[in-house]
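To start, the structure under review is shown below, and the notes come after it.
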Amino acid sequence: MTLNTASHYIGRFAPSPTGPLHSGSLVAALASWLDARAHGGQWLVRIEDVDRTRCLPGMDQIILRQLAAFGLHSDQPPLYQSRRPALHQRALDQLIASGHAYPCGCSRRDIELTLQRSGQVKTRHGELIYPGTCRAGLQGKSARAWRFRTGDQSLVRWQDRRLGAQAQDVSAAVGDFILKRADGCFAYQLAVVVDDADQGITDVVRGEDLADNTARQILLQRALGLPMPRYLHTPLVLGDNGEKLSKQNGALALDTRQPLAALNQAAAVLGLAPQHAAADALAHWVAQWKCLYNRAP
Ligand code: GLU
């Protein structure tokens with residue numbers, strides 16, 4: 001069955017409840033909502049709370065209230081990623097059985113030492129590129145985490161609806177990435193792929209900062225035999241220092257008492273014209289969206 005037909009559309013917004021929405025996350029929320037509406041599709045909210053160490057209690061409700069204040073309502077009750085460990089484990093088991101996943105007994109320190117010894121300390125967004133120590137077996141160590149085995153088929157090409165042709169050799173750029181962490185949490189990459197497929201997501205619309213994860217997610221979709229959604233990565237809101245605005249660098253929470261002002265700001269980032277009346281702003285932007293970000297058949 002092909003899910004990606006023009007008449008069938010399920011999109012999503014998938015915030016992590018690590019802080020309230022800020023102007024950067026509103027751009028992704030608005031874009032994913034507009035894209036779903038422009039295609040006559042459904043828009044789902046998924047709370048990505050698998051990383052328990054980073055989630056704040058009650059933040060899911062704050063985010064849902066913020067979305068509601070902007071007129072963005074999920075078409076189904078929000079799905080909580082943390083409530084689905086059995087589904088995530090089943091996918092991991094499938095990857096283990098097919099030889100795509102292997103246990104890793106390395107601590108961060110082990111990885112640092114191995115990389116130092118080989119004179120190849122490569123980092124990527126602060127993460128060390130795993131040197132593959134446990135690929136051939138644990139060598140007496142006990143398993144801490146599970147990793148995806150990137151093979152020689154790890155050059156991934158895909159078409160982003162805004163960024164155009166994209167390519168990444170996952171093996172060279174990222175290495176064997178984590179699927180389940182030493183603390184027992186499933187990694188974002190695995191959870192997002194399993195949940196997107198389980199929810200029948202046909203179109204992923206999210207911030208450009210996440211574009212870099214797409215190749216890993218496509219490798220996982222292939223290994224699990226799951227359909228690949230279309231991707232559209234939206235422009236980022238930059239802070240005063242020219243860096244991406246994020247919860248981590250102190251982005252301010254949105255003022256929901258002035259929803260039109262915040263929505264106009266987000267719309268401007270997406271190239272949409274400012275609106276003067278909150279009541280029909282979203283409807284105007286849906287019409288504009290159809291011209292700007294039309295989805296190829
Ligand atoms: N939960 C991720 C975040 O808040 C987004 C995941 C996604 O859209 O794929 O950054």
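Following the order of the structure tokens, first chain is A, next is B, and so on, with residues numbered from 1 inside each chain and ligands from 1 in the order they appear.
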Got a sec to check which residues lie within 7 Å of ligand 1, using only C-alpha atoms and all ligand atoms, and send them as a ChimeraX atom specification?
/A:13-16,48,192,206,210
Running DSSP on the backbone, which parts of region 49-131 of chain A land in strand (DSSP E or B), as a list in words?
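Residues meeting the strand (DSSP E or B) criterion: Leu79, Tyr80, Ala101, Tyr102, Pro103, Cys104, Thr123, Arg124, Glu127 and Leu128 of chain A.
Taking only C-alpha atoms, the non-local environment of Trp289 (chain A) within 7 Å (same-chain residues fewer than 3 positions away omitted) comprises Leu34, Ala38, Trp285, Val286, Leu292 and Tyr293 of chain A.
Excluding Ala69 (chain A) and any residue on its chain fewer than 5 positions from it, the residues at most 9 Å away by only C-alpha atoms are Leu64, Thr256, Arg257 and Pro259 of chain A.
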For Pro235 (chain A), find every residue with an atom within 10 Å (counting only C-alpha atoms), except residues of its own chain fewer than 5 positions away, and show them as an MDAnalysis selection string.
chainID A and resid 24 27:28 31 162:163 206:209 244 266 269:271
How would the residues just chosen look if you wrote them out with N, CA and C atoms as a PDB file, in the first residue's frame?
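Writing the result to selection-v2.pdb gives the following:
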```
ATOM      1  N   GLY A  24      10.890  29.777  17.855  1.00  0.00           N
ATOM      2  CA  GLY A  24      11.399  28.799  16.883  1.00  0.00           C
ATOM      3  C   GLY A  24      10.474  27.600  16.768  1.00  0.00           C
ATOM      4  N   VAL A  27       7.268  28.193  14.782  1.00  0.00           N
ATOM      5  CA  VAL A  27       7.406  28.118  13.314  1.00  0.00           C
ATOM      6  C   VAL A  27       7.141  26.684  12.848  1.00  0.00           C
ATOM      7  N   ALA A  28       7.740  25.706  13.533  1.00  0.00           N
ATOM      8  CA  ALA A  28       7.548  24.304  13.136  1.00  0.00           C
ATOM      9  C   ALA A  28       6.099  23.872  13.360  1.00  0.00           C
ATOM     10  N   ALA A  31       3.951  25.623  10.665  1.00  0.00           N
ATOM     11  CA  ALA A  31       4.212  25.070   9.327  1.00  0.00           C
ATOM     12  C   ALA A  31       3.588  23.689   9.179  1.00  0.00           C
ATOM     13  N   ARG A 162      11.773  21.679   0.854  1.00  0.00           N
ATOM     14  CA  ARG A 162      12.253  23.065   0.835  1.00  0.00           C
ATOM     15  C   ARG A 162      13.752  23.147   0.514  1.00  0.00           C
ATOM     16  N   LEU A 163      14.524  22.206   1.072  1.00  0.00           N
ATOM     17  CA  LEU A 163      15.977  22.296   0.926  1.00  0.00           C
ATOM     18  C   LEU A 163      16.479  21.643  -0.361  1.00  0.00           C
ATOM     19  N   ARG A 206       9.243  19.940  10.007  1.00  0.00           N
ATOM     20  CA  ARG A 206       9.906  20.281  11.281  1.00  0.00           C
ATOM     21  C   ARG A 206      11.057  21.229  10.993  1.00  0.00           C
ATOM     22  N   GLY A 207      11.703  21.724  12.049  1.00  0.00           N
ATOM     23  CA  GLY A 207      12.759  22.732  11.907  1.00  0.00           C
ATOM     24  C   GLY A 207      13.999  22.182  11.209  1.00  0.00           C
ATOM     25  N   GLU A 208      14.685  23.101  10.537  1.00  0.00           N
ATOM     26  CA  GLU A 208      15.863  22.706   9.758  1.00  0.00           C
ATOM     27  C   GLU A 208      16.978  22.137  10.634  1.00  0.00           C
ATOM     28  N   ASP A 209      16.976  22.479  11.923  1.00  0.00           N
ATOM     29  CA  ASP A 209      17.999  21.916  12.809  1.00  0.00           C
ATOM     30  C   ASP A 209      17.894  20.397  12.890  1.00  0.00           C
ATOM     31  N   LYS A 244      20.911  29.460  16.204  1.00  0.00           N
ATOM     32  CA  LYS A 244      19.534  28.984  16.249  1.00  0.00           C
ATOM     33  C   LYS A 244      18.933  29.235  17.640  1.00  0.00           C
ATOM     34  N   ALA A 266       6.037  34.164  13.322  1.00  0.00           N
ATOM     35  CA  ALA A 266       6.347  32.820  12.794  1.00  0.00           C
ATOM     36  C   ALA A 266       6.036  32.758  11.302  1.00  0.00           C
ATOM     37  N   VAL A 269       8.733  34.208   9.068  1.00  0.00           N
ATOM     38  CA  VAL A 269       9.878  33.309   8.867  1.00  0.00           C
ATOM     39  C   VAL A 269       9.585  32.331   7.726  1.00  0.00           C
ATOM     40  N   LEU A 270       8.298  31.990   7.579  1.00  0.00           N
ATOM     41  CA  LEU A 270       7.904  31.030   6.543  1.00  0.00           C
ATOM     42  C   LEU A 270       7.580  31.713   5.209  1.00  0.00           C
ATOM     43  N   GLY A 271       7.784  33.029   5.143  1.00  0.00           N
ATOM     44  CA  GLY A 271       7.538  33.757   3.896  1.00  0.00           C
ATOM     45  C   GLY A 271       6.068  34.068   3.661  1.00  0.00           C
TER      46      GLY A 271
END
```
Using only C-alpha atoms, determine which residues lie at most 12 Å from Ala211 (chain A), disregarding the query and same-chain residues fewer than 5 positions distant; provide the list as a list of chain:residue names.
A:Trp158, A:Gln159, A:Asp160, A:Arg161, A:Arg162, A:Leu163, A:Gly164, A:Ala165, A:Gln166, A:Ala167, A:Gln168, A:Val204, A:Val205, A:Arg206, A:Arg216, A:Gln217, A:Ile218, A:Tyr231, A:Leu232, A:His233, A:Thr234, A:Pro235, A:Leu236
Region 29-271 of chain A: which residues are alpha helix (DSSP H) by DSSP, as a PyMOL selection string?
chain A and resi 29-38+59-69+85-97+108-117+170-173+188-198+214-224+259-269
Excluding Arg181 (chain A) and any residue of its chain fewer than 4 positions from it, enumerate the residues within 7 Å of it, using only C-alpha atoms, and give them as a ChimeraX atom specification.
/A:145-146,185-187
Would you mind exporting C-alpha atoms of the selected residues as a PDB file, in the first residue's frame?
```pdb
ATOM      1  CA  ALA A 145      23.614   0.394  25.048  1.00  0.00           C
ATOM      2  CA  TRP A 146      22.453  -0.723  21.622  1.00  0.00           C
ATOM      3  CA  CYS A 185      15.854   5.213  27.362  1.00  0.00           C
ATOM      4  CA  PHE A 186      15.159   4.617  23.688  1.00  0.00           C
ATOM      5  CA  ALA A 187      17.003   7.083  21.507  1.00  0.00           C
TER       6      ALA A 187
END
```
So, with only C-alpha atoms as the atoms that count, which of A:Leu26, A:Ile129, A:Val194, A:Val237 lies closest to Leu72 (chain A)?
A:Leu26
Check the smallest atom-to-atom distance from each of A:Ala278, A:Ile201, A:Ala182, A:Ile47 to Ala261 (chain A) using only C-alpha atoms, then report the winner.
A:Ala278
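The space separating CA of Ala68 (chain A) from CA of Arg52 (chain A) comes to 24.7 Å.
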In Å, how far is it from CA of Leu272 (chain A) to CA of Asp255 (chain A)?
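Distance reported for this atom pair: 20.3 Å.
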